[in-house]
$ cat work-v3.cif   # mmCIF, C-alpha atoms
data_model
loop_
_atom_site.label_atom_id
_atom_site.label_comp_id
_atom_site.auth_asym_id
_atom_site.auth_seq_id
_atom_site.Cartn_x
_atom_site.Cartn_y
_atom_site.Cartn_z
CA MET A 1 0.00 0.00 0.00
CA SER A 2 1.22 3.51 -0.78
CA CYS A 3 0.80 6.38 1.66
CA CYS A 4 -1.89 8.05 -0.42
CA SER A 5 -5.39 8.39 1.01
CA ALA A 6 -8.26 6.30 -0.30
CA ASP A 7 -9.40 9.16 -2.56
CA GLY A 8 -5.82 9.68 -3.77
CA THR A 9 -5.83 13.44 -3.23
CA GLN A 10 -3.15 13.86 -0.62
CA LYS A 11 -0.21 12.01 0.93
CA MET A 12 -0.04 10.99 4.56
CA LYS A 13 2.13 13.15 6.80
CA LEU A 14 3.75 12.37 10.13
CA HIS A 15 4.17 15.50 12.22
CA VAL A 16 6.94 15.09 14.80
CA LEU A 17 9.13 16.91 17.28
CA PRO A 18 12.51 15.46 16.24
CA VAL A 19 14.09 15.58 19.72
CA SER A 20 11.02 14.16 21.48
CA ALA A 21 11.10 10.61 22.85
CA ASN A 22 7.38 10.36 22.13
CA SER A 23 8.02 10.90 18.42
CA HIS A 24 10.91 8.45 18.22
CA GLY A 25 8.92 5.22 18.28
CA VAL A 26 6.78 6.26 15.34
CA LEU A 27 9.82 7.54 13.46
CA ALA A 28 11.51 4.17 14.04
CA ILE A 29 8.50 2.36 12.53
CA VAL A 30 8.45 4.71 9.52
CA LYS A 31 12.15 4.10 8.93
CA ALA A 32 12.01 0.33 9.53
CA LEU A 33 9.11 -0.10 7.10
CA GLY A 34 10.58 2.26 4.50
CA LEU A 35 7.45 4.38 4.46
CA GLU A 36 9.13 7.50 3.11
CA ASP A 37 9.81 5.54 -0.07
CA LYS A 38 6.07 4.80 -0.19
CA GLY A 39 5.15 8.48 -0.04
CA LEU A 40 4.81 9.29 3.66
CA GLU A 41 6.21 12.72 4.49
CA ILE A 42 7.90 13.46 7.84
CA VAL A 43 7.11 17.02 8.92
CA ASP A 44 9.11 18.86 11.59
CA ALA A 45 6.39 20.43 13.76
CA MET A 46 8.72 22.33 16.07
CA GLY A 47 7.14 25.71 16.79
CA LYS A 48 4.01 24.88 14.78
CA THR A 49 1.81 22.89 17.16
CA ARG A 50 -0.03 25.97 18.49
CA THR A 51 -0.87 27.38 15.08
CA GLU A 52 -4.51 27.56 14.00
CA GLU A 53 -3.82 25.12 11.18
CA PHE A 54 -2.28 22.50 13.47
CA ILE A 55 -4.94 22.85 16.18
CA ALA A 56 -7.65 22.44 13.55
CA MET A 57 -6.06 19.09 12.74
CA ASN A 58 -5.20 18.10 16.33
CA PRO A 59 -6.86 20.11 19.12
CA CYS A 60 -4.54 18.48 21.65
CA HIS A 61 -1.61 20.20 19.86
CA CYS A 62 0.79 17.30 20.48
CA CYS A 63 3.21 15.18 18.50
CA PRO A 64 3.43 12.74 16.91
CA THR A 65 0.37 13.38 14.79
CA LEU A 66 -0.40 11.18 11.80
CA GLU A 67 -2.33 13.13 9.17
CA PHE A 68 -4.25 11.11 6.60
CA GLY A 69 -5.04 12.24 3.09
CA GLY A 70 -8.23 13.86 1.86
CA ASP A 71 -10.99 14.08 4.45
CA LYS A 72 -9.67 11.20 6.59
CA GLY A 73 -8.51 13.47 9.42
CA ALA A 74 -5.66 12.72 11.79
CA ILE A 75 -4.75 10.73 14.88
CA TRP A 76 -2.21 11.35 17.62
CA GLU A 77 -0.64 9.55 20.60
CA SER A 78 2.48 7.60 19.71
CA CYS A 79 1.14 4.08 20.28
CA ALA A 80 -2.00 4.78 18.25
CA CYS A 81 0.15 6.06 15.38
CA MET A 82 2.44 3.01 15.54
CA ARG A 83 -0.48 0.57 15.64
CA THR A 84 -2.11 2.21 12.65
CA LEU A 85 1.02 2.28 10.50
CA CYS A 86 1.77 -1.35 11.31
CA GLN A 87 -1.74 -2.38 10.32
CA LEU A 88 -1.74 -0.33 7.12
CA PHE A 89 1.58 -1.37 5.63
CA GLU A 90 3.34 -4.55 4.61
CA GLY A 91 5.85 -5.73 7.18
CA GLY A 92 4.03 -4.10 10.06
CA GLU A 93 3.06 -7.43 11.61
CA LYS A 94 6.73 -7.85 12.57
CA TYR A 95 6.32 -5.03 15.08
CA TYR A 96 2.60 -5.48 15.86
CA PRO A 97 1.88 -9.22 15.45
CA LYS A 98 -1.58 -10.30 14.31
CA ASP A 99 -1.99 -12.95 17.02
CA PRO A 100 -4.77 -11.57 19.29
CA ILE A 101 -3.13 -12.65 22.56
CA MET A 102 0.21 -11.17 21.58
CA ARG A 103 -1.52 -7.97 20.52
CA GLY A 104 -3.27 -7.88 23.87
CA LYS A 105 0.07 -8.04 25.66
CA ILE A 106 1.57 -5.34 23.45
CA ASP A 107 -1.48 -3.14 24.00
CA LEU A 108 -1.15 -3.73 27.73
CA VAL A 109 2.42 -2.45 27.73
CA CYS A 110 1.47 0.56 25.60
CA ASP A 111 -1.39 1.45 27.96
CA TRP A 112 0.88 0.94 30.99
CA LYS A 113 3.42 3.28 29.43
CA ASN A 114 0.83 6.04 29.04
CA THR A 115 -0.96 5.64 32.37
CA SER A 116 1.79 4.53 34.76
CA LEU A 117 5.32 4.85 33.41
CA TYR A 118 5.17 8.20 31.64
CA PRO A 119 3.64 10.56 34.26
CA PRO A 120 6.68 10.46 36.63
CA PHE A 121 8.92 11.75 33.84
CA TYR A 122 7.40 15.24 33.95
CA HIS A 123 9.29 16.53 36.99
CA ILE A 124 12.34 14.38 36.27
CA ALA A 125 12.90 15.38 32.66
CA TYR A 126 10.95 18.38 31.51
CA VAL A 127 13.28 20.82 33.23
CA MET A 128 15.50 20.22 30.17
CA PHE A 129 12.81 21.79 27.99
CA GLY A 130 12.50 24.93 30.10
CA VAL A 131 9.48 23.79 32.09
CA ALA A 132 9.28 24.75 35.77
CA VAL A 133 9.38 21.56 37.82
CA ASP A 134 9.30 20.59 41.48
CA GLU A 135 12.68 19.14 42.48
CA ALA A 136 11.26 17.33 45.50
CA LYS A 137 8.62 15.77 43.24
CA ALA A 138 11.34 14.74 40.78
CA LYS A 139 13.04 12.73 43.52
CA GLU A 140 9.74 11.29 44.70
CA ASP A 141 8.78 10.28 41.16
CA PHE A 142 12.17 8.71 40.46
CA LYS A 143 11.78 6.63 43.61
CA LYS A 144 8.38 5.54 42.27
CA LEU A 145 9.99 4.49 39.00
CA CYS A 146 12.57 2.43 40.88
CA ASP A 147 10.22 0.93 43.45
CA GLU A 148 7.14 0.28 41.32
CA HIS A 149 7.53 0.68 37.55
CA PHE A 150 11.00 -0.69 36.82
CA PRO A 151 10.18 -3.94 38.69
CA VAL A 152 7.04 -4.39 36.56
CA LEU A 153 9.12 -3.94 33.43
CA LEU A 154 11.93 -6.27 34.50
CA ASP A 155 10.03 -8.92 36.45
CA THR A 156 6.89 -9.16 34.32
CA PHE A 157 7.25 -7.75 30.81
CA LEU A 158 10.90 -8.88 30.45
CA LYS A 159 10.73 -11.92 32.71
CA ASP A 160 11.45 -14.53 30.04
CA THR A 161 12.18 -12.45 26.94
CA LYS A 162 14.66 -9.86 25.62
CA PHE A 163 11.89 -7.42 24.77
CA CYS A 164 8.42 -6.89 26.25
CA TYR A 165 6.72 -10.30 26.05
CA SER A 166 8.79 -11.00 22.91
CA ASP A 167 12.22 -12.07 21.73
CA THR A 168 12.01 -9.48 18.96
CA PRO A 169 11.17 -5.79 19.38
CA THR A 170 7.62 -4.51 18.93
CA ILE A 171 5.85 -1.19 19.17
CA ALA A 172 5.58 -1.79 22.92
CA ASP A 173 9.34 -1.44 23.24
CA LEU A 174 9.34 1.64 21.02
CA GLY A 175 6.76 3.18 23.32
CA VAL A 176 8.73 2.46 26.47
CA ALA A 177 12.49 2.47 25.89
CA PRO A 178 13.07 5.91 24.27
CA LEU A 179 11.67 7.55 27.40
CA PHE A 180 14.61 6.30 29.44
CA THR A 181 17.02 8.52 27.50
CA LEU A 182 15.36 11.48 29.22
CA ILE A 183 16.75 10.39 32.57
CA LYS A 184 20.27 11.04 31.25
CA GLY A 185 19.57 14.74 31.75
CA ARG A 186 20.18 14.05 35.43
CA PRO A 187 23.40 11.93 35.49
CA LYS A 188 23.08 10.94 39.14
CA PHE A 189 19.54 9.72 38.52
CA TRP A 190 20.74 7.75 35.49
CA ALA A 191 23.50 6.17 37.58
CA ALA A 192 20.81 4.84 39.92
CA VAL A 193 18.72 3.25 37.14
CA PRO A 194 18.90 -0.57 37.41
CA GLU A 195 21.36 -2.17 35.03
CA GLY A 196 18.63 -4.38 33.60
CA VAL A 197 16.70 -1.28 32.52
CA LYS A 198 19.81 0.26 30.95
CA GLU A 199 20.56 -2.95 29.08
CA TYR A 200 16.98 -3.14 27.81
CA HIS A 201 17.11 0.50 26.71
CA ALA A 202 20.30 -0.18 24.76
CA ARG A 203 18.83 -3.31 23.11
CA VAL A 204 15.83 -1.42 21.81
CA ILE A 205 17.85 1.52 20.50
CA GLU A 206 20.28 -0.83 18.77
CA ALA A 207 17.41 -2.77 17.17
CA PHE A 208 16.38 0.27 15.09
CA PRO A 209 19.55 1.67 13.51
CA GLU A 210 17.49 3.44 10.83
CA ALA A 211 16.26 5.87 13.49
CA ASP A 212 19.67 6.41 15.05
CA GLU A 213 19.83 10.10 14.11
CA TYR A 214 16.78 10.79 16.26
CA PHE A 215 17.92 8.63 19.18
CA LYS A 216 21.32 10.36 19.14
CA MET A 217 19.68 13.77 18.96
CA LEU A 218 17.86 13.23 22.26
CA ASP A 219 20.83 11.48 23.86
CA GLY A 220 23.08 14.42 23.04
CA PHE A 221 20.47 16.91 24.23
CA ALA A 222 20.04 15.10 27.55
CA THR A 223 23.70 14.40 28.28
CA GLY A 224 24.56 17.98 27.35
CA PHE A 225 22.04 19.52 29.74
CA LYS A 226 23.74 21.72 32.36
CA GLY A 227 20.79 23.66 33.75
CA ASP A 228 19.07 23.65 37.12
CA GLY A 229 18.64 20.14 38.51
CA ALA A 230 21.27 18.53 36.31
CA ASP A 231 23.47 17.73 39.31
CA ALA A 232 20.65 16.80 41.66
CA GLU A 233 20.83 13.63 43.72
CA PRO A 234 17.99 11.16 43.24
#

$ encode --input "work-v3.cif" --output "structure tokens"
Amino acid sequence: MSCCSADGTQKMKLHVLPVSANSHGVLAIVKALGLEDKGLEIVDAMGKTRTEEFIAMNPCHCCPTLEFGGDKGAIWESCACMRTLCQLFEGGEKYYPKDPIMRGKIDLVCDWKNTSLYPPFYHIAYVMFGVAVDEAKAKEDFKKLCDEHFPVLLDTFLKDTKFCYSDTPTIADLGVAPLFTLIKGRPKFWAAVPEGVKEYHARVIEAFPEADEYFKMLDGFATGFKGDGADAEP
């Protein structure tokens, strides 16, 4: 299937923030499936998400946003975008298998990422993007990651497999692992991350070399951060 809409009037576009971990999973799928060669356009949305045009397409003004052709509208949220691309294009079943039980497990991890894993990152990481954060809350939330969320990842999702419920990477891993790069903005926090989590993070990043430019962009941004909170103890 090409990336043209059903009525053939317009190509699909993926609007991203290139340095954002939330955009990286979808970018990795686009690169792995060769979707640019099939007509999908990657659009840098930096500085554009609050424009009238963007908000008309996505009132939540967030990225990634997958814009369909013609009058098909758009969707957002990284896992929704990854699921859709994998179901639309040949080869996608490699990253979002068709087996219903396996899909259920992948969907579980994606939902866990959004509802449980991701919220603690606000006070830990968003200081790098100029957002005012609560340093005491950053420490509290990092402790929650270590005490509650990392054990779920290591002892349940990765209990018997290299990736989440799988020996090969899926969209679940692309939803979860890129987030961990954000912790590198606080080196002492990163030093306290369990080795199993660091090893998993590295496995996922290495599994998608086509998206390396984006992974390295965030890694360099985080490791180069020298602002308030960079030297904080966890």

$ resolve_selection --input "work-v3.cif" --expression "the PyMOL selection byres ((chain A and resi 233) around 6)" --output "MDAnalysis selection string"
chainID A and resid 188 232 234

$ resolve_selection --input "work-v3.cif" --expression "the PyMOL selection byres ((chain A and resi 66-70) around 12)" --output "number ranges by chain"
A: 2-16, 23, 26-27, 30, 39-43, 45, 54, 56-58, 62-65, 71-85, 88

$ write_last_selection --input "work-v3.cif" --atoms "C-alpha atoms" --output "compact mmCIF listing (two decimals), keeping the file's coordinate frame"
# COMPACT_ATOMS: atom_id res chain seq x y z
CA SER A 2 1.22 3.51 -0.78
CA CYS A 3 0.80 6.38 1.66
CA CYS A 4 -1.89 8.05 -0.42
CA SER A 5 -5.39 8.39 1.01
CA ALA A 6 -8.26 6.30 -0.30
CA ASP A 7 -9.40 9.16 -2.56
CA GLY A 8 -5.82 9.68 -3.77
CA THR A 9 -5.83 13.44 -3.23
CA GLN A 10 -3.15 13.86 -0.62
CA LYS A 11 -0.21 12.01 0.93
CA MET A 12 -0.04 10.99 4.56
CA LYS A 13 2.13 13.15 6.80
CA LEU A 14 3.75 12.37 10.13
CA HIS A 15 4.17 15.50 12.22
CA VAL A 16 6.94 15.09 14.80
CA SER A 23 8.02 10.90 18.42
CA VAL A 26 6.78 6.26 15.34
CA LEU A 27 9.82 7.54 13.46
CA VAL A 30 8.45 4.71 9.52
CA GLY A 39 5.15 8.48 -0.04
CA LEU A 40 4.81 9.29 3.66
CA GLU A 41 6.21 12.72 4.49
CA ILE A 42 7.90 13.46 7.84
CA VAL A 43 7.11 17.02 8.92
CA ALA A 45 6.39 20.43 13.76
CA PHE A 54 -2.28 22.50 13.47
CA ALA A 56 -7.65 22.44 13.55
CA MET A 57 -6.06 19.09 12.74
CA ASN A 58 -5.20 18.10 16.33
CA CYS A 62 0.79 17.30 20.48
CA CYS A 63 3.21 15.18 18.50
CA PRO A 64 3.43 12.74 16.91
CA THR A 65 0.37 13.38 14.79
CA ASP A 71 -10.99 14.08 4.45
CA LYS A 72 -9.67 11.20 6.59
CA GLY A 73 -8.51 13.47 9.42
CA ALA A 74 -5.66 12.72 11.79
CA ILE A 75 -4.75 10.73 14.88
CA TRP A 76 -2.21 11.35 17.62
CA GLU A 77 -0.64 9.55 20.60
CA SER A 78 2.48 7.60 19.71
CA CYS A 79 1.14 4.08 20.28
CA ALA A 80 -2.00 4.78 18.25
CA CYS A 81 0.15 6.06 15.38
CA MET A 82 2.44 3.01 15.54
CA ARG A 83 -0.48 0.57 15.64
CA THR A 84 -2.11 2.21 12.65
CA LEU A 85 1.02 2.28 10.50
CA LEU A 88 -1.74 -0.33 7.12

$ atom_distance --input "work-v3.cif" --atom1 "CA of Thr223 (chain A)" --atom2 "CA of Arg50 (chain A)"
28.2 Å

$ closest_residue --input "work-v3.cif" --among "A:Ala177, A:Ala132, A:Ala172, A:Val109" --to "Glu199 (chain A)" --atoms "only C-alpha atoms"
A:Ala177

$ resolve_selection --input "work-v3.cif" --expression "the PyMOL selection byres ((chain A and resi 212) around 12)" --output "PyMOL selection string"
chain A and resi 18-19+24-25+27-28+31-32+178+202+204-211+213-220

$ atom_distance --input "work-v3.cif" --atom1 "CA of Lys105 (chain A)" --atom2 "CA of Lys198 (chain A)"
22.1 Å

$ residues_around --input "work-v3.cif" --residues "region 124-127 of chain A" --least-positions-apart "6" --cutoff "10 Å" --atoms "all atoms listed in the file" --output "list in words"
Val133, Asp134, Glu135, Ala136, Lys137, Ala138, Lys139, Glu140, Asp141, Phe142, Leu179, Phe180, Thr181, Leu182, Ile183, Lys184, Gly185, Arg186, Phe189, Ala222, Phe225, Gly227, Asp228, Gly229, Ala230 and Pro234 of chain A

$ atom_distance --input "work-v3.cif" --atom1 "CA of Gly130 (chain A)" --atom2 "CA of Leu145 (chain A)"
22.4 Å

$ closest_residue --input "work-v3.cif" --among "A:Met128, A:Val176, A:Leu117, A:Cys86" --to "Phe221 (chain A)" --atoms "only C-alpha atoms"
A:Met128

$ axis_aligned_box --input "work-v3.cif" --around "region 128-147 of chain A" --padding-each-side "4 Å" --output "AutoDock Vina command-line options"
--center_x 11.9 --center_y 12.9 --center_z 36.7 --size_x 15.1 --size_y 32.0 --size_z 25.5
